[in-house]
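**Q** One file: coords-v2.txt (compact mmCIF, N, CA, C and O atoms).
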# COMPACT_ATOMS: atom_id res chain seq x y z
N MET A 1 44.65 -24.15 -10.49
CA MET A 1 43.39 -24.66 -11.01
C MET A 1 42.85 -25.76 -10.10
O MET A 1 41.67 -25.77 -9.80
N THR A 2 43.70 -26.67 -9.70
CA THR A 2 43.26 -27.76 -8.82
C THR A 2 42.88 -27.24 -7.45
O THR A 2 42.03 -27.81 -6.78
N ASN A 3 43.52 -26.13 -7.02
CA ASN A 3 43.16 -25.55 -5.73
C ASN A 3 41.71 -25.06 -5.73
O ASN A 3 41.00 -25.19 -4.74
N ILE A 4 41.29 -24.50 -6.85
CA ILE A 4 39.92 -24.00 -6.96
C ILE A 4 38.94 -25.16 -6.91
O ILE A 4 37.91 -25.10 -6.22
N ILE A 5 39.24 -26.22 -7.61
CA ILE A 5 38.35 -27.39 -7.62
C ILE A 5 38.28 -28.01 -6.23
O ILE A 5 37.21 -28.35 -5.75
N LEU A 6 39.44 -28.15 -5.56
CA LEU A 6 39.44 -28.71 -4.21
C LEU A 6 38.69 -27.81 -3.23
O LEU A 6 37.99 -28.30 -2.36
N ALA A 7 38.81 -26.50 -3.39
CA ALA A 7 38.10 -25.58 -2.51
C ALA A 7 36.59 -25.69 -2.73
O ALA A 7 35.80 -25.63 -1.78
N ALA A 8 36.19 -25.85 -3.96
CA ALA A 8 34.77 -25.99 -4.26
C ALA A 8 34.23 -27.30 -3.69
O ALA A 8 33.11 -27.35 -3.19
N GLN A 9 35.02 -28.35 -3.76
CA GLN A 9 34.57 -29.62 -3.21
C GLN A 9 34.55 -29.58 -1.69
O GLN A 9 33.72 -30.20 -1.05
N GLY A 10 35.42 -28.82 -1.09
CA GLY A 10 35.48 -28.72 0.37
C GLY A 10 34.26 -27.99 0.93
O GLY A 10 33.83 -28.25 2.04
N ASN A 11 33.68 -27.08 0.18
CA ASN A 11 32.52 -26.33 0.64
C ASN A 11 31.21 -27.01 0.27
O ASN A 11 30.15 -26.44 0.47
N ALA A 12 31.25 -28.20 -0.27
CA ALA A 12 30.02 -28.87 -0.70
C ALA A 12 29.10 -29.13 0.49
O ALA A 12 27.89 -29.07 0.37
N GLY A 13 29.66 -29.43 1.66
CA GLY A 13 28.84 -29.66 2.84
C GLY A 13 28.20 -28.38 3.35
O GLY A 13 27.21 -28.41 4.05
N GLY A 14 28.77 -27.24 3.01
CA GLY A 14 28.24 -25.95 3.46
C GLY A 14 27.08 -25.47 2.63
O GLY A 14 26.54 -24.41 2.89
N GLY A 15 26.66 -26.22 1.62
CA GLY A 15 25.56 -25.83 0.76
C GLY A 15 24.24 -25.77 1.52
O GLY A 15 23.40 -24.93 1.25
N TYR A 16 24.07 -26.65 2.48
CA TYR A 16 22.84 -26.65 3.27
C TYR A 16 22.73 -25.38 4.11
O TYR A 16 21.65 -24.82 4.25
N SER A 17 23.85 -24.97 4.68
CA SER A 17 23.79 -23.75 5.49
C SER A 17 23.48 -22.53 4.63
O SER A 17 22.81 -21.60 5.08
N MET A 18 23.95 -22.53 3.40
CA MET A 18 23.66 -21.43 2.48
C MET A 18 22.17 -21.40 2.14
O MET A 18 21.56 -20.33 2.12
N ILE A 19 21.57 -22.55 1.90
CA ILE A 19 20.15 -22.64 1.60
C ILE A 19 19.33 -22.19 2.80
O ILE A 19 18.37 -21.43 2.66
N ILE A 20 19.72 -22.63 4.00
CA ILE A 20 19.00 -22.24 5.21
C ILE A 20 19.09 -20.73 5.41
O ILE A 20 18.11 -20.08 5.77
N MET A 21 20.27 -20.15 5.15
CA MET A 21 20.45 -18.71 5.30
C MET A 21 19.58 -17.95 4.28
O MET A 21 18.97 -16.94 4.62
N MET A 22 19.49 -18.42 3.06
CA MET A 22 18.67 -17.77 2.05
C MET A 22 17.19 -17.83 2.41
O MET A 22 16.46 -16.85 2.25
N VAL A 23 16.75 -18.97 2.93
CA VAL A 23 15.36 -19.12 3.36
C VAL A 23 15.08 -18.17 4.53
O VAL A 23 14.02 -17.51 4.57
N ALA A 24 16.02 -18.06 5.46
CA ALA A 24 15.84 -17.16 6.60
C ALA A 24 15.76 -15.71 6.14
O ALA A 24 14.93 -14.93 6.64
N ILE A 25 16.59 -15.32 5.19
CA ILE A 25 16.57 -13.95 4.68
C ILE A 25 15.24 -13.67 3.99
O ILE A 25 14.64 -12.61 4.18
N PHE A 26 14.74 -14.61 3.20
CA PHE A 26 13.45 -14.42 2.54
C PHE A 26 12.33 -14.32 3.57
O PHE A 26 11.43 -13.49 3.43
N ALA A 27 12.37 -15.14 4.61
CA ALA A 27 11.33 -15.10 5.65
C ALA A 27 11.35 -13.75 6.37
O ALA A 27 10.29 -13.16 6.63
N ILE A 28 12.53 -13.25 6.67
CA ILE A 28 12.65 -11.94 7.33
C ILE A 28 12.10 -10.85 6.42
O ILE A 28 11.35 -9.98 6.87
N MET A 29 12.44 -10.88 5.14
CA MET A 29 11.93 -9.89 4.20
C MET A 29 10.41 -9.98 4.11
O MET A 29 9.75 -8.95 4.05
N TYR A 30 9.87 -11.18 4.09
CA TYR A 30 8.42 -11.35 3.99
C TYR A 30 7.71 -10.74 5.19
O TYR A 30 6.76 -10.00 5.05
N PHE A 31 8.18 -11.07 6.40
CA PHE A 31 7.49 -10.63 7.60
C PHE A 31 7.70 -9.16 7.93
O PHE A 31 6.88 -8.54 8.60
N PHE A 32 8.81 -8.57 7.49
CA PHE A 32 9.08 -7.17 7.81
C PHE A 32 8.81 -6.20 6.67
O PHE A 32 8.71 -5.00 6.90
N MET A 33 8.69 -6.68 5.43
CA MET A 33 8.50 -5.77 4.31
C MET A 33 7.25 -6.10 3.48
O MET A 33 6.40 -5.25 3.28
N ILE A 34 7.13 -7.31 3.00
CA ILE A 34 6.07 -7.67 2.07
C ILE A 34 4.72 -7.74 2.77
O ILE A 34 3.74 -7.13 2.32
N ARG A 35 4.63 -8.44 3.87
CA ARG A 35 3.35 -8.64 4.57
C ARG A 35 2.75 -7.32 5.07
O ARG A 35 1.56 -7.08 4.86
N PRO A 36 3.52 -6.44 5.73
CA PRO A 36 2.93 -5.17 6.16
C PRO A 36 2.45 -4.31 4.99
O PRO A 36 1.43 -3.63 5.09
N GLN A 37 3.17 -4.35 3.87
CA GLN A 37 2.76 -3.57 2.70
C GLN A 37 1.44 -4.09 2.14
O GLN A 37 0.56 -3.32 1.77
N GLN A 38 1.30 -5.41 2.07
CA GLN A 38 0.05 -5.99 1.59
C GLN A 38 -1.11 -5.64 2.52
O GLN A 38 -2.23 -5.36 2.07
N LYS A 39 -0.86 -5.64 3.82
CA LYS A 39 -1.89 -5.30 4.80
C LYS A 39 -2.33 -3.84 4.63
O LYS A 39 -3.52 -3.53 4.65
N LYS A 40 -1.36 -2.95 4.43
CA LYS A 40 -1.67 -1.53 4.24
C LYS A 40 -2.48 -1.32 2.96
O LYS A 40 -3.44 -0.55 2.93
N GLN A 41 -2.10 -2.00 1.86
CA GLN A 41 -2.84 -1.88 0.61
C GLN A 41 -4.27 -2.38 0.75
O GLN A 41 -5.20 -1.79 0.19
N LYS A 42 -4.46 -3.43 1.53
CA LYS A 42 -5.80 -3.96 1.75
C LYS A 42 -6.65 -2.96 2.54
O LYS A 42 -7.82 -2.76 2.23
N GLU A 43 -6.07 -2.31 3.55
CA GLU A 43 -6.79 -1.30 4.31
C GLU A 43 -7.19 -0.12 3.43
O GLU A 43 -8.32 0.38 3.53
N ILE A 44 -6.29 0.33 2.56
CA ILE A 44 -6.58 1.44 1.66
C ILE A 44 -7.72 1.07 0.71
O ILE A 44 -8.64 1.85 0.48
N LYS A 45 -7.66 -0.15 0.16
CA LYS A 45 -8.71 -0.60 -0.77
C LYS A 45 -10.06 -0.67 -0.07
O LYS A 45 -11.08 -0.26 -0.63
N ASN A 46 -10.08 -1.18 1.16
CA ASN A 46 -11.34 -1.24 1.92
C ASN A 46 -11.88 0.16 2.18
O ASN A 46 -13.09 0.39 2.09
N PHE A 47 -11.00 1.11 2.51
CA PHE A 47 -11.44 2.48 2.73
C PHE A 47 -11.99 3.09 1.45
O PHE A 47 -13.05 3.73 1.47
N GLN A 48 -11.31 2.87 0.32
CA GLN A 48 -11.78 3.42 -0.95
C GLN A 48 -13.15 2.87 -1.32
O GLN A 48 -13.98 3.59 -1.88
N ASN A 49 -13.41 1.62 -1.01
CA ASN A 49 -14.71 1.02 -1.32
C ASN A 49 -15.81 1.47 -0.36
O ASN A 49 -16.99 1.35 -0.69
N SER A 50 -15.44 1.97 0.82
CA SER A 50 -16.45 2.35 1.81
C SER A 50 -16.71 3.86 1.84
O SER A 50 -17.43 4.33 2.71
N ILE A 51 -16.14 4.61 0.90
CA ILE A 51 -16.34 6.07 0.88
C ILE A 51 -17.80 6.37 0.57
O ILE A 51 -18.39 5.80 -0.34
N THR A 52 -18.37 7.28 1.35
CA THR A 52 -19.74 7.75 1.12
C THR A 52 -19.71 9.27 1.01
O THR A 52 -18.70 9.90 1.32
N GLU A 53 -20.83 9.83 0.57
CA GLU A 53 -20.92 11.29 0.48
C GLU A 53 -20.82 11.89 1.88
O GLU A 53 -21.40 11.37 2.83
N GLY A 54 -20.05 12.95 1.98
CA GLY A 54 -19.84 13.60 3.27
C GLY A 54 -18.57 13.16 3.98
O GLY A 54 -18.20 13.74 4.99
N THR A 55 -17.89 12.15 3.46
CA THR A 55 -16.65 11.67 4.07
C THR A 55 -15.54 12.68 3.82
O THR A 55 -15.35 13.15 2.70
N LYS A 56 -14.78 13.00 4.85
CA LYS A 56 -13.63 13.89 4.70
C LYS A 56 -12.44 13.02 4.31
O LYS A 56 -12.15 12.02 4.97
N VAL A 57 -11.76 13.39 3.21
CA VAL A 57 -10.70 12.56 2.66
C VAL A 57 -9.44 13.37 2.40
O VAL A 57 -9.47 14.60 2.36
N VAL A 58 -8.34 12.64 2.20
CA VAL A 58 -7.07 13.22 1.76
C VAL A 58 -6.69 12.50 0.48
O VAL A 58 -6.68 11.27 0.42
N THR A 59 -6.39 13.28 -0.57
CA THR A 59 -6.02 12.67 -1.85
C THR A 59 -4.53 12.32 -1.85
O THR A 59 -3.79 12.70 -0.94
N ALA A 60 -4.09 11.64 -2.89
CA ALA A 60 -2.69 11.25 -3.02
C ALA A 60 -1.77 12.46 -3.09
O ALA A 60 -0.62 12.41 -2.68
N SER A 61 -2.29 13.58 -3.60
CA SER A 61 -1.46 14.78 -3.71
C SER A 61 -1.50 15.62 -2.43
O SER A 61 -0.89 16.67 -2.37
N GLY A 62 -2.24 15.17 -1.42
CA GLY A 62 -2.27 15.87 -0.14
C GLY A 62 -3.37 16.90 -0.02
O GLY A 62 -3.35 17.72 0.90
N VAL A 63 -4.35 16.88 -0.91
CA VAL A 63 -5.45 17.83 -0.86
C VAL A 63 -6.53 17.29 0.07
O VAL A 63 -6.99 16.17 -0.09
N TYR A 64 -6.93 18.10 1.04
CA TYR A 64 -8.00 17.74 1.97
C TYR A 64 -9.33 18.22 1.42
O TYR A 64 -9.40 19.31 0.85
N GLY A 65 -10.37 17.43 1.59
CA GLY A 65 -11.68 17.84 1.12
C GLY A 65 -12.78 16.92 1.63
O GLY A 65 -12.52 15.97 2.35
N THR A 66 -13.99 17.23 1.20
CA THR A 66 -15.17 16.46 1.58
C THR A 66 -15.83 15.92 0.32
O THR A 66 -16.03 16.67 -0.64
N VAL A 67 -16.17 14.64 0.32
CA VAL A 67 -16.81 14.02 -0.84
C VAL A 67 -18.22 14.56 -0.96
O VAL A 67 -19.01 14.49 -0.02
N LYS A 68 -18.53 15.12 -2.14
CA LYS A 68 -19.87 15.66 -2.38
C LYS A 68 -20.72 14.73 -3.25
O LYS A 68 -21.92 14.67 -3.10
N ARG A 69 -20.08 14.04 -4.19
CA ARG A 69 -20.82 13.16 -5.07
C ARG A 69 -19.92 12.02 -5.52
O ARG A 69 -18.72 12.20 -5.73
N ILE A 70 -20.51 10.85 -5.71
CA ILE A 70 -19.78 9.67 -6.16
C ILE A 70 -20.34 9.25 -7.51
O ILE A 70 -21.54 9.06 -7.66
N ASN A 71 -19.47 9.11 -8.50
CA ASN A 71 -19.86 8.68 -9.84
C ASN A 71 -19.38 7.25 -10.02
O ASN A 71 -18.19 7.01 -10.24
N MET A 72 -20.28 6.29 -9.89
CA MET A 72 -19.91 4.88 -9.96
C MET A 72 -19.50 4.45 -11.36
O MET A 72 -18.65 3.58 -11.52
N GLU A 73 -20.11 5.04 -12.40
CA GLU A 73 -19.78 4.64 -13.78
C GLU A 73 -18.33 4.98 -14.12
O GLU A 73 -17.64 4.21 -14.77
N GLN A 74 -17.87 6.16 -13.71
CA GLN A 74 -16.51 6.58 -14.02
C GLN A 74 -15.54 6.29 -12.88
O GLN A 74 -14.34 6.57 -13.00
N ASN A 75 -16.05 5.73 -11.79
CA ASN A 75 -15.24 5.42 -10.62
C ASN A 75 -14.50 6.67 -10.12
O ASN A 75 -13.31 6.64 -9.84
N SER A 76 -15.24 7.78 -10.04
CA SER A 76 -14.64 9.04 -9.62
C SER A 76 -15.45 9.67 -8.50
O SER A 76 -16.58 9.28 -8.22
N LEU A 77 -14.85 10.67 -7.86
CA LEU A 77 -15.47 11.39 -6.76
C LEU A 77 -15.40 12.87 -7.04
O LEU A 77 -14.43 13.35 -7.61
N GLU A 78 -16.42 13.59 -6.64
CA GLU A 78 -16.36 15.04 -6.64
C GLU A 78 -16.08 15.45 -5.21
O GLU A 78 -16.86 15.16 -4.30
N VAL A 79 -14.95 16.13 -5.02
CA VAL A 79 -14.49 16.51 -3.69
C VAL A 79 -14.49 18.02 -3.58
O VAL A 79 -13.91 18.72 -4.42
N GLU A 80 -15.15 18.52 -2.54
CA GLU A 80 -15.16 19.96 -2.29
C GLU A 80 -13.93 20.30 -1.45
O GLU A 80 -13.79 19.82 -0.32
N ILE A 81 -13.03 21.12 -2.01
CA ILE A 81 -11.79 21.47 -1.32
C ILE A 81 -11.87 22.84 -0.65
O ILE A 81 -11.07 23.15 0.22
N ALA A 82 -12.82 23.65 -1.08
CA ALA A 82 -13.11 24.95 -0.46
C ALA A 82 -14.59 25.22 -0.71
O ALA A 82 -15.21 24.57 -1.55
N ARG A 83 -15.14 26.18 -0.02
CA ARG A 83 -16.56 26.47 -0.17
C ARG A 83 -16.85 26.84 -1.63
O ARG A 83 -16.32 27.81 -2.16
N GLY A 84 -17.64 26.01 -2.31
CA GLY A 84 -18.01 26.25 -3.69
C GLY A 84 -17.00 25.78 -4.73
O GLY A 84 -17.22 25.94 -5.91
N VAL A 85 -15.88 25.19 -4.29
CA VAL A 85 -14.84 24.71 -5.22
C VAL A 85 -14.79 23.19 -5.14
O VAL A 85 -14.45 22.63 -4.10
N THR A 86 -15.16 22.52 -6.24
CA THR A 86 -15.12 21.06 -6.27
C THR A 86 -14.17 20.59 -7.37
O THR A 86 -14.03 21.23 -8.40
N ILE A 87 -13.53 19.50 -7.11
CA ILE A 87 -12.66 18.87 -8.11
C ILE A 87 -13.12 17.43 -8.30
O ILE A 87 -13.70 16.83 -7.39
N THR A 88 -12.88 16.90 -9.46
CA THR A 88 -13.21 15.51 -9.75
C THR A 88 -11.92 14.71 -9.75
O THR A 88 -10.97 15.06 -10.46
N ILE A 89 -11.88 13.66 -8.95
CA ILE A 89 -10.68 12.82 -8.88
C ILE A 89 -11.09 11.36 -9.00
O ILE A 89 -12.23 10.99 -8.75
N ASP A 90 -10.14 10.54 -9.39
CA ASP A 90 -10.36 9.10 -9.47
C ASP A 90 -10.41 8.54 -8.05
O ASP A 90 -9.65 8.97 -7.18
N ARG A 91 -11.28 7.60 -7.84
CA ARG A 91 -11.46 7.01 -6.51
C ARG A 91 -10.16 6.36 -6.00
O ARG A 91 -9.90 6.34 -4.80
N GLY A 92 -9.34 5.87 -6.90
CA GLY A 92 -8.10 5.21 -6.51
C GLY A 92 -7.04 6.14 -5.96
O GLY A 92 -6.03 5.70 -5.43
N TYR A 93 -7.25 7.46 -6.06
CA TYR A 93 -6.27 8.42 -5.57
C TYR A 93 -6.67 9.04 -4.24
O TYR A 93 -6.11 10.04 -3.83
N VAL A 94 -7.61 8.41 -3.56
CA VAL A 94 -7.97 8.81 -2.21
C VAL A 94 -7.39 7.76 -1.28
O VAL A 94 -7.71 6.58 -1.38
N PHE A 95 -6.52 8.19 -0.37
CA PHE A 95 -5.80 7.23 0.45
C PHE A 95 -6.12 7.25 1.93
O PHE A 95 -5.77 6.34 2.65
N ALA A 96 -6.74 8.31 2.43
CA ALA A 96 -6.92 8.37 3.88
C ALA A 96 -8.17 9.14 4.25
O ALA A 96 -8.66 9.97 3.49
N ASP A 97 -8.63 8.86 5.43
CA ASP A 97 -9.75 9.58 6.03
C ASP A 97 -9.16 10.81 6.72
O ASP A 97 -8.32 10.70 7.60
N ALA A 98 -9.58 12.00 6.30
CA ALA A 98 -9.01 13.24 6.82
C ALA A 98 -9.26 13.39 8.32
O ALA A 98 -8.43 13.95 9.03
N ALA A 99 -10.36 12.89 8.80
CA ALA A 99 -10.67 13.02 10.24
C ALA A 99 -9.63 12.28 11.08
O ALA A 99 -9.16 12.79 12.09
N SER A 100 -9.22 11.10 10.64
CA SER A 100 -8.21 10.35 11.39
C SER A 100 -6.82 10.93 11.20
O SER A 100 -5.97 10.84 12.07
N GLN A 101 -6.55 11.58 10.06
CA GLN A 101 -5.25 12.18 9.80
C GLN A 101 -5.05 13.42 10.67
O GLN A 101 -3.95 13.70 11.10
N GLN A 102 -6.09 14.19 10.92
CA GLN A 102 -5.96 15.40 11.70
C GLN A 102 -5.77 15.12 13.18
O GLN A 102 -5.24 15.93 13.91
N MET A 103 -6.20 13.95 13.65
CA MET A 103 -6.05 13.60 15.06
C MET A 103 -4.61 13.24 15.39
O MET A 103 -4.18 13.37 16.51
N LYS A 104 -3.85 12.78 14.42
CA LYS A 104 -2.48 12.33 14.68
C LYS A 104 -1.60 13.45 14.98
O LYS A 104 -1.17 14.31 15.02
Kindly present the structure from the file in structure tokens form.

**A**
Amino acid sequence: MTNIILAAQGNAGGGYSMIIMMVAIFAIMYFFMIRPQQKKQKEIKNFQNSITEGTKVVTASGVYGTVKRINMEQNSLEVEIARGVTITIDRGYVFADAASQQMK
């Protein structure tokens, strides 16, 4: 029992190094995981807000199409996926510009 207490007291000076290591781990996680994800979400939101009629888009489910009509009240889009075939989707489920996706 006394060995445990003495060991705990012996590592008291090492508490600063533990705090520094935790801060470093959080900083690494922020710069390599959190910040890029926030940047990507901001780009997607800007694209969703800039969609106009005639824009070629890719939906979250991977359907390619062209925006034919925008319904601002319902926040939805009518997307033509084939000649004469249109679907209505929520604006939040459009993630990419199809023209830039096909170039990759």

**Q** Have a look at CA of Gln74 in chain A and CA of Asp90 in chain A and let me know their distance in Å, one decimal.

**A**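 We find that CA of Gln74 in chain A and CA of Asp90 in chain A lie 8.1 Å from each other.
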
**Q** Determine, counting only C-alpha atoms, which protein, DNA and RNA residues have an atom within 12 Å of an atom of Glu73 in chain A; residues of the same chain fewer than 3 positions away are not included. Present the result as an NGL selection string.

**A** :A and (70 or 76-77 or 90-91)

**Q** Using Å and a single decimal, report how far atom C of Lys42 in chain A sits from atom C of Lys68 in chain A.

**A** 23.3 Å

**Q** Hey, can you pull every residue with an atom no more than 8 Å from (-18.0, 13.4, 5.7), using all atoms listed in the file, and send it as a list in words?

**A**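 Collected hits near the coordinates: Thr52, Glu53, Gly54, Thr55, Lys56, Val57, Gly65, Thr66 and Val67 of chain A.
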
**Q** To one decimal place, how far is CA of Phe26 in chain A from atom C of Gln41 in chain A in Å?

**A**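 So the two atoms, CA of Phe26 in chain A and atom C of Gln41 in chain A, lie 21.5 Å apart.
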
**Q** May I ask which of the residues A:Met22, A:Ile89, A:Gly84, A:Met33 is the closest one to Arg69 in chain A, counting all atoms listed in the file?

**A**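 Of all the options, A:Ile89 lies closest to Arg69 in chain A.
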
**Q** As a PyMOL selection string, please: every residue in range 19-80 of chain A that DSSP puts in strand (DSSP E).

**A** chain A and resi 56-59+64-71+76-80

**Q** Using only C-alpha atoms, which of A:Asn75, A:Val23, A:Ala82, A:Ile87 sits nearest Gln48 in chain A?

**A** A:Asn75

**Q** Looking at all atoms listed in the file, which of A:Ile44, A:Ala60, A:Ile81, A:Ile34 is the one that sits closest to Tyr93 in chain A?

**A** A:Ala60

**Q** Please work out which residues fall within 8 Å of (-12.0, 4.4, 1.0), coordinates as given in the file, with only C-alpha atoms counting, and return them as a PyMOL selection string.

**A** chain A and resi 44-51+91+94-97

**Q** When DSSP is applied to the backbone of this structure, which of range 32-66 of chain A are assigned helix (DSSP H, G or I)? Write them out as a list in words.

**A**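 These are the residues in question: Phe32, Met33, Ile34, Arg35, Pro36, Gln37, Gln38, Lys39, Lys40, Gln41, Lys42, Glu43, Ile44, Lys45, Asn46, Phe47, Gln48 and Asn49 of chain A.
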